[in-house]
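Here's the structure, in structure tokens; my notes come after.
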Amino acid sequence: MITILYISHEIDRAPMFWYFMSKLKPEYKKQIKQVCCIYTCHINVVPKDLDIEVIQIQGGGYSNKINDFINMVKRNEIETEHFIKINDNCMLPNHALEGMIDHIHKLDEPDAWILSPIISNGLPTFDEFATDFLNEIDREIIYKLLMQYSVPSQPQLVRWGVFSSIQSLNKYTTLTNKWCPQDFYEGVNKLPHRFKDIHPIRYHYDTQVKLQDVLLQPHYVKKWIQQHEYSLKEFIRPYLCNGIYASKTSTFIHYADKLFTINNGN
């Protein structure tokens with residue numbers, strides 16, 4: 001059985017989530033045991049044909065919600081072999097969720113940690129999305145904007161002692177004439193510290209706005225909403241920053257505990 005961890009920040013986004021949940025085929029609805037979220041009022045909008053339990057978790061910051069879910073699992077208040085985390089600012093069509101459920105057994109393999117759909121602003125899935133989803137003209141427009149990004153001298157980066165090394169990533173953006181994601185990720189992987197969640201799509205406002213405008217074109221909306229055949233691609237990247245992913249619960253907690261130990265609980 002699967003638990004959905006719905007990370008909600010704005011209460012008015014919930015109807016879209018429950019709409020796509022209600023569109024799941026019956027055989028997939030049966031595999032979802034419960035949904036964890038922070039707002040009890042979500043219980044009032046659960047479609048009647050969804051026989052699932054809604055469990056309330058703590059609010060607060062993003063890590064607080066993840067930690068509360070982990071602690072509830074450790075206290076046996078939630079029992080689930082796998083979970084799927086969905087942020088409320090991500091729209092996941094029902095057929096894409098079904099595709100994740102179809103492949104979730106792959107997470108039982110020893111070297112597998114995360115299963116994720118390819119989403120437009122996730123890391124490392126953005127570059128896969130640009131290749132698979134955008135046409136050549138729009139893709140080149142976005143790539144040119146990515147190459148305008150220069151690592152800023154933010155005070156916290158200087159304070160943490162990571163600014164000078166992160167600045168080396170400019171050779172893959174402002175100091176090149178071609179965006180090459182493989183080279184960029186290899187550069188990130190060589191950084192001599194644990195702060196690796198760097199990518200222009202996360203921090204470059206102009207790229208984010210342009211990508212949003214591109215994706216709101218009717219032909220892209222139609223392409224996004226229609227059902228596709230889903231396959232699995234395996235790859236290794238230095239970090240994950242995706243609004244949607246699935247994991248085997250025990251594996252996720254194992255790595256989360258190591259992370260919080262290294263960071264002294266922060």
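Convention: chains lettered A, B, ... in structure tokens order; per-chain residue numbering from 1; ligands numbered from 1 as shown.
Excluding Lys25 (chain A) and any residue on its chain fewer than 2 positions from it, the residues at most 12 Å away by only C-alpha atoms are Phe20, Met21, Ser22, Lys23, Glu27, Tyr28, Lys29, Lys30, Gln31, Ile32, Asp49, Leu50, Asn94, His95, Ala96, Leu97, Glu98, Gly99 and Ile101 of chain A.
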**Item:** Long-range neighbours of region 227-242 of chain A as JSON, numbers by chain, 9 Å cut-off, only C-alpha atoms, 3 positions minimum in chain
**Value:** {"A": [87, 93, 94, 95, 96, 99, 100, 103, 112, 114, 115, 116, 119, 121, 122, 123, 124, 125, 185, 186, 188, 189, 196, 197, 223, 224, 245]}
For N, CA and C atoms, I'd like the residues from the last selection saved as a short mmCIF file (atom, residue, chain, number, x, y, z; two decimals), in the first residue's frame.
```cif
data_model
loop_
_atom_site.label_atom_id
_atom_site.label_comp_id
_atom_site.auth_asym_id
_atom_site.auth_seq_id
_atom_site.Cartn_x
_atom_site.Cartn_y
_atom_site.Cartn_z
N ASN A 87 4.19 18.19 -3.86
CA ASN A 87 4.02 19.58 -3.42
C ASN A 87 2.77 20.17 -4.05
N PRO A 93 -0.96 15.05 -13.41
CA PRO A 93 -2.15 14.41 -13.97
C PRO A 93 -2.31 13.00 -13.44
N ASN A 94 -3.54 12.53 -13.40
CA ASN A 94 -3.80 11.20 -12.84
C ASN A 94 -3.03 10.10 -13.56
N HIS A 95 -2.89 10.21 -14.89
CA HIS A 95 -2.20 9.14 -15.61
C HIS A 95 -0.71 9.12 -15.29
N ALA A 96 -0.14 10.29 -14.94
CA ALA A 96 1.27 10.33 -14.54
C ALA A 96 1.45 9.67 -13.16
N GLY A 99 1.41 6.08 -13.68
CA GLY A 99 2.70 5.63 -14.18
C GLY A 99 3.71 5.45 -13.05
N MET A 100 3.69 6.34 -12.06
CA MET A 100 4.58 6.19 -10.91
C MET A 100 4.24 4.93 -10.13
N HIS A 103 5.55 1.72 -11.61
CA HIS A 103 6.99 1.46 -11.51
C HIS A 103 7.50 1.52 -10.07
N ALA A 112 18.26 1.72 -5.73
CA ALA A 112 17.24 2.71 -6.09
C ALA A 112 16.85 3.52 -4.86
N ILE A 114 15.08 7.13 -5.39
CA ILE A 114 13.99 8.04 -5.74
C ILE A 114 13.41 7.67 -7.10
N LEU A 115 12.08 7.70 -7.19
CA LEU A 115 11.37 7.56 -8.45
C LEU A 115 10.58 8.85 -8.66
N SER A 116 10.78 9.47 -9.81
CA SER A 116 10.15 10.78 -10.01
C SER A 116 9.68 10.94 -11.44
N ILE A 119 9.44 16.68 -14.37
CA ILE A 119 8.64 17.89 -14.19
C ILE A 119 9.43 19.11 -14.65
N ASN A 121 10.16 22.18 -13.53
CA ASN A 121 11.09 23.01 -12.74
C ASN A 121 11.80 22.21 -11.66
N GLY A 122 11.80 20.89 -11.78
CA GLY A 122 12.46 20.06 -10.78
C GLY A 122 13.92 19.83 -11.14
N LEU A 123 14.68 19.41 -10.15
CA LEU A 123 16.08 19.06 -10.36
C LEU A 123 16.32 17.66 -9.81
N PRO A 124 16.85 16.81 -10.64
CA PRO A 124 17.49 17.09 -11.93
C PRO A 124 16.58 16.90 -13.15
N THR A 125 15.26 16.89 -12.96
CA THR A 125 14.38 16.52 -14.08
C THR A 125 14.16 17.64 -15.09
N TYR A 185 26.31 19.43 -14.42
CA TYR A 185 26.16 18.53 -13.26
C TYR A 185 27.51 17.95 -12.83
N GLU A 186 28.39 17.70 -13.79
CA GLU A 186 29.73 17.23 -13.43
C GLU A 186 30.47 18.31 -12.65
N VAL A 188 29.01 20.61 -10.76
CA VAL A 188 28.38 20.63 -9.43
C VAL A 188 28.92 19.49 -8.57
N ASN A 189 29.08 18.33 -9.17
CA ASN A 189 29.53 17.16 -8.42
C ASN A 189 30.95 17.33 -7.88
N LYS A 196 25.01 21.75 -2.91
CA LYS A 196 25.06 21.44 -4.33
C LYS A 196 23.74 21.72 -5.05
N ASP A 197 22.77 22.29 -4.36
CA ASP A 197 21.46 22.49 -5.02
C ASP A 197 21.47 23.79 -5.84
N LYS A 223 -0.72 18.85 -24.65
CA LYS A 223 0.27 17.78 -24.59
C LYS A 223 0.46 17.30 -23.17
N TRP A 224 0.42 18.22 -22.22
CA TRP A 224 0.63 17.87 -20.81
C TRP A 224 -0.52 17.04 -20.26
N TYR A 245 8.09 13.11 -5.91
CA TYR A 245 8.92 11.91 -6.00
C TYR A 245 8.33 10.81 -5.11
#
```
**Item:** Surrounding residues of Phe83 (chain A) excluding itself and chain neighbours under 6 positions, 10 Å, only C-alpha atoms, as number ranges by chain
**Value:** A: 1-5, 32-35, 101, 104, 245-249, 252
Mind running region 159-257 of chain A against region 67-77 of chain A at 12 Å and telling me each contacting residue's nearest atom pair with the distance in Å (one decimal), counting only C-alpha atoms, chain and number ascending, as CSV?
```
residue,atom,partner,partner_atom,distance
A:Thr249,CA,A:Val73,CA,8.5
A:Ser250,CA,A:Val73,CA,9.3
A:Thr251,CA,A:Ile70,CA,11.4
A:Phe252,CA,A:Ile70,CA,9.0
A:Ile253,CA,A:Ile70,CA,6.7
A:His254,CA,A:Ile70,CA,10.2
A:Tyr255,CA,A:Ile70,CA,11.4
A:Ala256,CA,A:Ile70,CA,8.8
A:Asp257,CA,A:Ile70,CA,9.5
```
Take the selection from the previous step and output its residues with C-alpha atoms, as a PDB file, in the first residue's frame.
```pdb
ATOM      1  CA  THR A 249       9.854   4.543   3.220  1.00  0.00           C
ATOM      2  CA  SER A 250      12.612   2.637   5.059  1.00  0.00           C
ATOM      3  CA  THR A 251      15.241   3.717   2.502  1.00  0.00           C
ATOM      4  CA  PHE A 252      14.190   7.359   2.666  1.00  0.00           C
ATOM      5  CA  ILE A 253      14.294   7.421   6.470  1.00  0.00           C
ATOM      6  CA  HIS A 254      17.714   5.753   6.457  1.00  0.00           C
ATOM      7  CA  TYR A 255      19.205   8.524   4.316  1.00  0.00           C
ATOM      8  CA  ALA A 256      17.236  11.258   6.075  1.00  0.00           C
ATOM      9  CA  ASP A 257      18.637  10.148   9.443  1.00  0.00           C
TER      10      ASP A 257
END
```
**Request:** Tell me which of A:Leu146, A:Ile244, A:Ile118, A:Ile225 sits closest to Asp88 (chain A), counting only C-alpha atoms.
**Result:**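 Among the listed residues, A:Ile244 lies closest to Asp88 (chain A).
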**Message:** Please compute the CA of Gln226 (chain A)-CA of Asp213 (chain A) distance, one decimal, in Å.
**Reply:**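 Spanning CA of Gln226 (chain A) to CA of Asp213 (chain A) is a straight-line distance of 19.5 Å.
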**Item:** Selection: 10 Å around region 219-221 of chain A, only C-alpha atoms, excl. self and same-chain fewer than 6 positions, as a ChimeraX atom specification
**Value:** /A:133-135
Output for the residues just chosen: C-alpha atoms as a PDB file, in the first residue's frame:
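Written file, again.pdb:
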```pdb
ATOM      1  CA  PHE A 133       8.761  18.097 -23.947  1.00  0.00           C
ATOM      2  CA  LEU A 134       9.793  21.378 -25.580  1.00  0.00           C
ATOM      3  CA  ASN A 135      10.161  21.863 -29.292  1.00  0.00           C
TER       4      ASN A 135
END
```
**Request:** Quote the spacing between CA of Ile78 (chain A) and CA of Cys36 (chain A) in Å to one decimal place.
**Result:**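 Pair CA of Ile78 (chain A) / CA of Cys36 (chain A) returns 9.4 Å.
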**Asked** Of the candidates A:Met16, A:Met147, A:Val214, A:Ile11, which shows the shortest atom-to-atom distance to Leu92 (chain A), using only C-alpha atoms?
**Response**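 With only C-alpha atoms as the atom set, the closest residue is A:Met16.
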**Request:** Do a neighbour search on Trp179 (chain A) at 12 Å with only C-alpha atoms, toss out local chain neighbours closer than 5 positions, and write the hits as a ChimeraX atom specification.
**Result:** /A:127,130,139-149,169-174,184-185,199-200
**Request:** as a PyMOL selection string, please: all residues of region 16-221 of chain A that backbone DSSP puts in strand (DSSP E).
**Result:** chain A and resi 32-37+53-56+82-87
**Complete:** Expressed in Å, the length from CA of Pro181 (chain A) to CA of Ile66 (chain A) is 29.1 Å
**Message:** So that I can see what lies close to Asn89 (chain A), please list as a list in words the residues with an atom at most 10 Å from it, counting only C-alpha atoms and leaving out residues fewer than 2 positions away in the same chain.
**Reply:**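 So, after excluding close chain neighbours, the residues are Ile7, Ser8, His9, Glu10, Arg13, Ala14, Phe17, Ile86, Asn87, Met91, Leu92, Gly243 and Ile244 of chain A.
Ranking A:Pro218, A:Ser164, A:Lys178, A:Tyr6 by their shortest atom-to-atom distance to Ile55 (chain A), with only C-alpha atoms included, puts A:Tyr6 first.
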